[in-house]
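Participant: So that we are looking at the same thing, I have put the structure below in structure tokens.
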Amino acid sequence: MQTLDTLVTTQKIKLLVYGQSGAGKTVFAAGAPKPLVLDFDGKVSSAASYFAHHSPEKLKEISYENLTDIPGQERPFRRLKKIMAGLSKDAAEGKLKHETIILDSLTLFLDAFMADIIAENPGVKRPNNIPALQDYQILNLQFKDFMSTLLSLPCHIIVIGHITSETNQETGRIFWKPLVPGKLADRLPQIFTEVYRSYVIQKDGQPQHLLQTNSDGEYVCRTQIPQLPQHIPADFGRLVAFMQKKLK
């Protein structure tokens, strides 16, 4: 039996960041140290354009894997499984060269995941090619295993998600959360230690990119970093510096 004074708190961030298109999620994530972008959205070019203008030396530090659906190649999820096997092997041998793994985006990753489940289970009846209940049951089980493998890697993990709204049928109140199918949205805040909303405002005629770190009844967010402000600049370096200061 152990007591909490022996618990070593990790300084690796395991983060889900979600928001509207154009809110700067990919640029924020790519600003993390030595990132590998697992690009399902085909949007890594936005980060390339940003850093080419603001910090050209950063471009040499950003690696990426194109996991969009490419004719003539293996299904995206099949390719991802091979990449994950390599990352896990490197981590076990102490050879992991990336300090951050970015999954962009969760929404299209899950689409690729479901496409793979359907391809691997051709005997399931799917009227109008709509995924069946059995497909979602498999997705829920295998998603948990995949995320456990991803989050166990000894580096920062950033998963980027799209956003959707939901209305409380009793109160009529609208709240916003990550866009994922079924009950996975309710499970995500239990998987990630940090869940932030990415958004942009105009200040003095210039866009200002921000992150919301705590829920306010309208947006689903959470943090385990002590005294982290509810709204912070979308700057990964400043986030890490704040965390390290509080955990000393």
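Identifiers for the structure tokens are assigned positionally: chains receive A, B, ... in sequence, residues are indexed from 1 per chain, and ligands are indexed from 1 in the order shown.
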DSSP says strand (DSSP E) for which residues of segment 64-131 of chain A? Put them as a PyMOL selection string?
Facilitator: chain A and resi 64-66+100-104
Participant: Quick one: everything within 12 Å of His54 of chain A, counting only C-alpha atoms, minus sequence neighbours fewer than 6 positions away in the same chain. Send it as a VMD selection string.
Facilitator: chain A and resid 27 31 47 to 48
Participant: Just the number, please: distance in Å from atom CA of Lys60 of chain A to atom CA of Lys34 of chain A, one decimal.
Facilitator: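 Straight-line distance from atom CA of Lys60 of chain A to atom CA of Lys34 of chain A works out to 9.1 Å.
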Participant: With only C-alpha atoms as the counted atoms, please give the residues lying no more than 6 Å from Ala234 of chain A, apart from itself and same-chain residues fewer than 6 positions off, as a PyMOL selection string.
Facilitator: chain A and resi 28+209-211
Participant: So, with only C-alpha atoms as the atoms that count, which of A:Gln169, A:Thr100, A:Gln73, A:Thr26 lies closest to Pro154 of chain A?
Facilitator: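 With only C-alpha atoms as the atom set, the closest residue is A:Thr100.
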Participant: Between A:Val180, A:Ile163, A:Ile225, A:Val200, which is the closest to Gly24 of chain A once you count only C-alpha atoms?
Facilitator: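 Nearest to Gly24 of chain A: A:Val200.
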Participant: Compile the contact shell of Phe242 of chain A as a ChimeraX atom specification: residues with an atom at most 12 Å away, counting only C-alpha atoms, same-chain residues fewer than 3 positions apart removed.
Facilitator: /A:11,13,225-229,232-233,235-239,245-248
Participant: Grab the residues selected above and save them as a tab-separated table (two decimals), in the first residue's frame with N, CA, C and O atoms.
Facilitator:
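So result-v8.tsv came out as:
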chain	number	residue	atom	x	y	z
A	11	GLN	N	4.70	15.56	-15.67
A	11	GLN	CA	4.66	16.89	-16.26
A	11	GLN	C	4.40	16.79	-17.76
A	11	GLN	O	4.65	17.74	-18.50
A	13	ILE	N	1.64	16.60	-20.58
A	13	ILE	CA	0.25	17.01	-20.71
A	13	ILE	C	-0.50	16.03	-21.60
A	13	ILE	O	-0.04	15.70	-22.70
A	225	ILE	N	-4.53	21.07	-13.44
A	225	ILE	CA	-3.40	21.93	-13.11
A	225	ILE	C	-3.85	22.95	-12.07
A	225	ILE	O	-4.76	23.73	-12.32
A	226	PRO	N	-3.25	22.97	-10.89
A	226	PRO	CA	-3.71	23.85	-9.81
A	226	PRO	C	-3.69	25.32	-10.22
A	226	PRO	O	-2.71	25.81	-10.79
A	227	GLN	N	-4.80	26.02	-9.95
A	227	GLN	CA	-4.92	27.46	-10.13
A	227	GLN	C	-4.73	27.92	-11.57
A	227	GLN	O	-4.41	29.09	-11.82
A	228	LEU	N	-4.91	27.04	-12.52
A	228	LEU	CA	-4.83	27.45	-13.92
A	228	LEU	C	-6.02	28.36	-14.21
A	228	LEU	O	-7.16	27.99	-13.95
A	229	PRO	N	-5.79	29.56	-14.75
A	229	PRO	CA	-6.91	30.46	-15.05
A	229	PRO	C	-7.91	29.82	-16.00
A	229	PRO	O	-7.57	28.95	-16.80
A	232	ILE	N	-6.85	31.23	-20.96
A	232	ILE	CA	-5.42	31.46	-21.11
A	232	ILE	C	-5.08	31.61	-22.59
A	232	ILE	O	-5.82	31.13	-23.45
A	233	PRO	N	-3.95	32.28	-22.91
A	233	PRO	CA	-3.54	32.35	-24.32
A	233	PRO	C	-3.25	30.96	-24.87
A	233	PRO	O	-2.78	30.07	-24.14
A	235	ASP	N	-1.00	29.15	-26.14
A	235	ASP	CA	0.46	29.07	-26.28
A	235	ASP	C	0.93	27.88	-25.46
A	235	ASP	O	0.88	27.92	-24.23
A	236	PHE	N	1.36	26.82	-26.12
A	236	PHE	CA	1.70	25.59	-25.40
A	236	PHE	C	2.88	25.80	-24.45
A	236	PHE	O	2.89	25.26	-23.35
A	237	GLY	N	3.85	26.59	-24.87
A	237	GLY	CA	5.00	26.83	-24.00
A	237	GLY	C	4.61	27.49	-22.70
A	237	GLY	O	5.12	27.12	-21.63
A	238	ARG	N	3.70	28.45	-22.76
A	238	ARG	CA	3.25	29.13	-21.53
A	238	ARG	C	2.43	28.19	-20.65
A	238	ARG	O	2.49	28.25	-19.43
A	239	LEU	N	1.68	27.29	-21.28
A	239	LEU	CA	0.91	26.31	-20.51
A	239	LEU	C	1.84	25.38	-19.74
A	239	LEU	O	1.63	25.13	-18.54
A	245	LYS	N	5.61	25.28	-12.87
A	245	LYS	CA	5.70	26.18	-11.73
A	245	LYS	C	4.80	25.71	-10.59
A	245	LYS	O	5.19	25.67	-9.42
A	246	LYS	N	3.58	25.29	-10.93
A	246	LYS	CA	2.61	24.88	-9.90
A	246	LYS	C	2.94	23.51	-9.32
A	246	LYS	O	2.58	23.21	-8.18
A	247	LEU	N	3.64	22.66	-10.08
A	247	LEU	CA	3.91	21.32	-9.58
A	247	LEU	C	5.23	21.22	-8.82
A	247	LEU	O	5.57	20.17	-8.27
A	248	LYS	N	6.00	22.30	-8.77
A	248	LYS	CA	7.25	22.29	-8.02
A	248	LYS	C	6.98	22.17	-6.53
A	248	LYS	O	6.06	22.81	-6.02
Participant: Can you tell me which residues surround Ser105 of chain A at a distance of at most 10 Å, considering only C-alpha atoms, apart from same-chain residues fewer than 4 positions away, and format the answer as a list in words?
Facilitator: Val17, Tyr18, Lys25, Thr26, Val37, Leu38, Asp39, Phe40, Asp41, Gly42, Lys43, Phe109, Leu110, Ile158, Val159, Ile160, Gly161 and His162 of chain A
Participant: Find the spatial neighbours of segment 133-148 of chain A, counting only C-alpha atoms, within a cut-off of 8 Å - ignore same-chain residues fewer than 2 positions away - and output them as a PDB file with N, CA and C atoms, in the first residue's frame.
Facilitator:
ATOM      1  N   PHE A 113     -11.659   4.912 -38.046  1.00  0.00           N
ATOM      2  CA  PHE A 113     -11.775   3.773 -37.135  1.00  0.00           C
ATOM      3  C   PHE A 113     -13.023   2.967 -37.481  1.00  0.00           C
ATOM      4  N   MET A 114     -14.155   3.665 -37.657  1.00  0.00           N
ATOM      5  CA  MET A 114     -15.410   2.988 -37.982  1.00  0.00           C
ATOM      6  C   MET A 114     -15.333   2.329 -39.357  1.00  0.00           C
ATOM      7  N   ILE A 117     -13.598  -0.904 -38.913  1.00  0.00           N
ATOM      8  CA  ILE A 117     -14.458  -1.889 -38.246  1.00  0.00           C
ATOM      9  C   ILE A 117     -15.442  -2.486 -39.255  1.00  0.00           C
ATOM     10  N   ILE A 118     -16.037  -1.651 -40.075  1.00  0.00           N
ATOM     11  CA  ILE A 118     -16.993  -2.131 -41.075  1.00  0.00           C
ATOM     12  C   ILE A 118     -16.313  -3.050 -42.082  1.00  0.00           C
ATOM     13  N   VAL A 124     -21.949  -8.171 -40.884  1.00  0.00           N
ATOM     14  CA  VAL A 124     -22.952  -7.450 -40.106  1.00  0.00           C
ATOM     15  C   VAL A 124     -23.947  -6.770 -41.051  1.00  0.00           C
ATOM     16  N   PRO A 131     -23.754   2.411 -40.035  1.00  0.00           N
ATOM     17  CA  PRO A 131     -23.153   1.530 -39.026  1.00  0.00           C
ATOM     18  C   PRO A 131     -24.198   0.967 -38.071  1.00  0.00           C
ATOM     19  N   LEU A 150      -2.143   5.177 -26.599  1.00  0.00           N
ATOM     20  CA  LEU A 150      -1.671   6.507 -26.970  1.00  0.00           C
ATOM     21  C   LEU A 150      -1.260   7.311 -25.738  1.00  0.00           C
ATOM     22  N   LEU A 151      -2.117   7.340 -24.730  1.00  0.00           N
ATOM     23  CA  LEU A 151      -1.854   8.168 -23.558  1.00  0.00           C
ATOM     24  C   LEU A 151      -0.738   7.620 -22.676  1.00  0.00           C
ATOM     25  N   SER A 152      -0.377   6.353 -22.870  1.00  0.00           N
ATOM     26  CA  SER A 152       0.713   5.773 -22.074  1.00  0.00           C
ATOM     27  C   SER A 152       2.088   6.151 -22.622  1.00  0.00           C
ATOM     28  N   GLY A 182     -22.190   8.854 -30.357  1.00  0.00           N
ATOM     29  CA  GLY A 182     -22.717   8.110 -29.217  1.00  0.00           C
ATOM     30  C   GLY A 182     -22.300   8.661 -27.861  1.00  0.00           C
ATOM     31  N   LEU A 184     -19.359   8.444 -26.466  1.00  0.00           N
ATOM     32  CA  LEU A 184     -17.938   8.728 -26.312  1.00  0.00           C
ATOM     33  C   LEU A 184     -17.688  10.134 -25.785  1.00  0.00           C
ATOM     34  N   ILE A 191     -11.116  10.382 -19.770  1.00  0.00           N
ATOM     35  CA  ILE A 191      -9.901   9.820 -20.345  1.00  0.00           C
ATOM     36  C   ILE A 191      -8.747  10.813 -20.266  1.00  0.00           C
TER      37      ILE A 191
END
Participant: Using only C-alpha atoms, can you tell me which of A:Glu166, A:Leu16, A:Ile101, A:Met84 comes closest to Gln212 of chain A?
Facilitator: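 That would be A:Leu16, the residue with the smallest distance to Gln212 of chain A.
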Participant: Work out how far apart atom CA of Gln230 of chain A and atom CA of Thr171 of chain A are and give it in Å to one decimal.
Facilitator: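 Answer for the atom CA of Gln230 of chain A to atom CA of Thr171 of chain A separation: 25.3 Å.
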Participant: Determine which residues of segment 17-197 of chain A DSSP labels as helix (DSSP H, G or I) from the backbone of this structure, then write them out as a PyMOL selection string.
Facilitator: chain A and resi 25-30+44-54+56-61+76-92+106-120+127-129+133-151+184-191
Participant: I need the residues from that last selection saved to file as a PDB file, in the first residue's frame (with C-alpha atoms), if you can.
Facilitator:
ATOM      1  CA  LYS A  25      -6.171  24.328 -32.703  1.00  0.00           C
ATOM      2  CA  THR A  26      -3.598  22.806 -35.073  1.00  0.00           C
ATOM      3  CA  VAL A  27      -1.217  25.775 -34.805  1.00  0.00           C
ATOM      4  CA  PHE A  28      -1.473  25.684 -30.997  1.00  0.00           C
ATOM      5  CA  ALA A  29      -0.747  21.950 -30.900  1.00  0.00           C
ATOM      6  CA  ALA A  30       2.124  22.156 -33.402  1.00  0.00           C
ATOM      7  CA  VAL A  44      -1.309  20.343 -41.112  1.00  0.00           C
ATOM      8  CA  SER A  45      -0.619  22.865 -43.886  1.00  0.00           C
ATOM      9  CA  SER A  46      -2.212  25.538 -41.676  1.00  0.00           C
ATOM     10  CA  ALA A  47       0.567  25.054 -39.141  1.00  0.00           C
ATOM     11  CA  ALA A  48       3.165  25.035 -41.925  1.00  0.00           C
ATOM     12  CA  SER A  49       1.896  28.380 -43.217  1.00  0.00           C
ATOM     13  CA  TYR A  50       1.820  29.914 -39.749  1.00  0.00           C
ATOM     14  CA  PHE A  51       5.328  28.878 -38.716  1.00  0.00           C
ATOM     15  CA  ALA A  52       6.793  29.673 -42.139  1.00  0.00           C
ATOM     16  CA  HIS A  53       5.782  33.269 -41.433  1.00  0.00           C
ATOM     17  CA  HIS A  54       6.312  33.510 -37.669  1.00  0.00           C
ATOM     18  CA  PRO A  56      10.649  29.255 -39.847  1.00  0.00           C
ATOM     19  CA  GLU A  57      13.109  27.310 -37.677  1.00  0.00           C
ATOM     20  CA  LYS A  58      10.163  25.535 -36.031  1.00  0.00           C
ATOM     21  CA  LEU A  59       9.262  23.847 -39.335  1.00  0.00           C
ATOM     22  CA  LYS A  60      12.280  21.529 -39.113  1.00  0.00           C
ATOM     23  CA  GLU A  61      11.047  20.310 -35.725  1.00  0.00           C
ATOM     24  CA  PRO A  76      -5.872   5.131 -42.787  1.00  0.00           C
ATOM     25  CA  PHE A  77      -6.539   3.225 -39.567  1.00  0.00           C
ATOM     26  CA  ARG A  78      -4.417   0.297 -40.725  1.00  0.00           C
ATOM     27  CA  ARG A  79      -1.533   2.708 -41.361  1.00  0.00           C
ATOM     28  CA  LEU A  80      -2.071   4.305 -37.972  1.00  0.00           C
ATOM     29  CA  LYS A  81      -1.840   0.953 -36.174  1.00  0.00           C
ATOM     30  CA  LYS A  82       1.589   0.350 -37.717  1.00  0.00           C
ATOM     31  CA  ILE A  83       2.737   3.833 -36.690  1.00  0.00           C
ATOM     32  CA  MET A  84       1.497   3.269 -33.134  1.00  0.00           C
ATOM     33  CA  ALA A  85       3.295  -0.070 -32.941  1.00  0.00           C
ATOM     34  CA  GLY A  86       6.519   1.685 -33.935  1.00  0.00           C
ATOM     35  CA  LEU A  87       6.015   4.476 -31.391  1.00  0.00           C
ATOM     36  CA  SER A  88       5.299   1.984 -28.599  1.00  0.00           C
ATOM     37  CA  LYS A  89       8.420  -0.010 -29.513  1.00  0.00           C
ATOM     38  CA  ASP A  90      10.570   3.118 -29.537  1.00  0.00           C
ATOM     39  CA  ALA A  91       9.142   4.195 -26.184  1.00  0.00           C
ATOM     40  CA  ALA A  92       9.840   0.782 -24.613  1.00  0.00           C
ATOM     41  CA  LEU A 106     -10.486  13.031 -33.324  1.00  0.00           C
ATOM     42  CA  THR A 107     -13.578  13.315 -35.512  1.00  0.00           C
ATOM     43  CA  LEU A 108     -11.971  12.034 -38.716  1.00  0.00           C
ATOM     44  CA  PHE A 109      -9.871   9.535 -36.781  1.00  0.00           C
ATOM     45  CA  LEU A 110     -13.114   8.001 -35.497  1.00  0.00           C
ATOM     46  CA  ASP A 111     -14.543   7.999 -39.024  1.00  0.00           C
ATOM     47  CA  ALA A 112     -11.472   6.047 -40.179  1.00  0.00           C
ATOM     48  CA  PHE A 113     -11.775   3.773 -37.135  1.00  0.00           C
ATOM     49  CA  MET A 114     -15.410   2.988 -37.982  1.00  0.00           C
ATOM     50  CA  ALA A 115     -14.564   2.406 -41.665  1.00  0.00           C
ATOM     51  CA  ASP A 116     -11.985  -0.140 -40.571  1.00  0.00           C
ATOM     52  CA  ILE A 117     -14.458  -1.889 -38.246  1.00  0.00           C
ATOM     53  CA  ILE A 118     -16.993  -2.131 -41.075  1.00  0.00           C
ATOM     54  CA  ALA A 119     -14.372  -3.487 -43.486  1.00  0.00           C
ATOM     55  CA  GLU A 120     -13.249  -6.084 -40.957  1.00  0.00           C
ATOM     56  CA  PRO A 127     -29.340  -1.145 -43.899  1.00  0.00           C
ATOM     57  CA  ASN A 128     -28.471   1.803 -46.178  1.00  0.00           C
ATOM     58  CA  ASN A 129     -24.799   1.293 -45.208  1.00  0.00           C
ATOM     59  CA  LEU A 133     -25.249  -1.099 -33.091  1.00  0.00           C
ATOM     60  CA  GLN A 134     -22.652  -3.873 -33.101  1.00  0.00           C
ATOM     61  CA  ASP A 135     -20.225  -1.575 -34.944  1.00  0.00           C
ATOM     62  CA  TYR A 136     -20.565   1.093 -32.242  1.00  0.00           C
ATOM     63  CA  GLN A 137     -20.093  -1.488 -29.502  1.00  0.00           C
ATOM     64  CA  ILE A 138     -16.826  -2.581 -31.113  1.00  0.00           C
ATOM     65  CA  LEU A 139     -15.793   1.052 -31.542  1.00  0.00           C
ATOM     66  CA  ASN A 140     -16.407   1.837 -27.868  1.00  0.00           C
ATOM     67  CA  LEU A 141     -14.328  -1.134 -26.715  1.00  0.00           C
ATOM     68  CA  GLN A 142     -11.452  -0.685 -29.135  1.00  0.00           C
ATOM     69  CA  PHE A 143     -11.355   3.099 -28.706  1.00  0.00           C
ATOM     70  CA  LYS A 144     -10.641   2.657 -25.004  1.00  0.00           C
ATOM     71  CA  ASP A 145      -7.754   0.301 -25.778  1.00  0.00           C
ATOM     72  CA  PHE A 146      -6.333   2.617 -28.441  1.00  0.00           C
ATOM     73  CA  MET A 147      -6.465   5.674 -26.185  1.00  0.00           C
ATOM     74  CA  SER A 148      -4.812   3.752 -23.347  1.00  0.00           C
ATOM     75  CA  THR A 149      -1.918   2.932 -25.683  1.00  0.00           C
ATOM     76  CA  LEU A 150      -1.671   6.507 -26.970  1.00  0.00           C
ATOM     77  CA  LEU A 151      -1.854   8.168 -23.558  1.00  0.00           C
ATOM     78  CA  LEU A 184     -17.938   8.728 -26.312  1.00  0.00           C
ATOM     79  CA  ALA A 185     -18.381  12.468 -25.683  1.00  0.00           C
ATOM     80  CA  ASP A 186     -19.351  11.759 -22.073  1.00  0.00           C
ATOM     81  CA  ARG A 187     -16.356   9.458 -21.651  1.00  0.00           C
ATOM     82  CA  LEU A 188     -13.706  11.807 -23.058  1.00  0.00           C
ATOM     83  CA  PRO A 189     -13.381  14.043 -19.974  1.00  0.00           C
ATOM     84  CA  GLN A 190     -12.713  10.874 -17.981  1.00  0.00           C
ATOM     85  CA  ILE A 191      -9.901   9.820 -20.345  1.00  0.00           C
TER      86      ILE A 191
END
Participant: One number please: atom CA of Ser215 of chain A to atom CA of Ala32 of chain A, in Å, one decimal.
Facilitator: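 About the pair atom CA of Ser215 of chain A and atom CA of Ala32 of chain A: they are 23.8 Å apart.
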Participant: Determine the nearest neighbour of Leu103 of chain A from the options A:Glu74, A:Glu170, A:Glu65, A:Glu218, counting only C-alpha atoms.
Facilitator: A:Glu65
Participant: Would you mind telling me which residue in A:Asn168, A:Thr223, A:Gln208, A:Gln20 lies nearest to Glu194 of chain A when using only C-alpha atoms?
Facilitator: A:Thr223
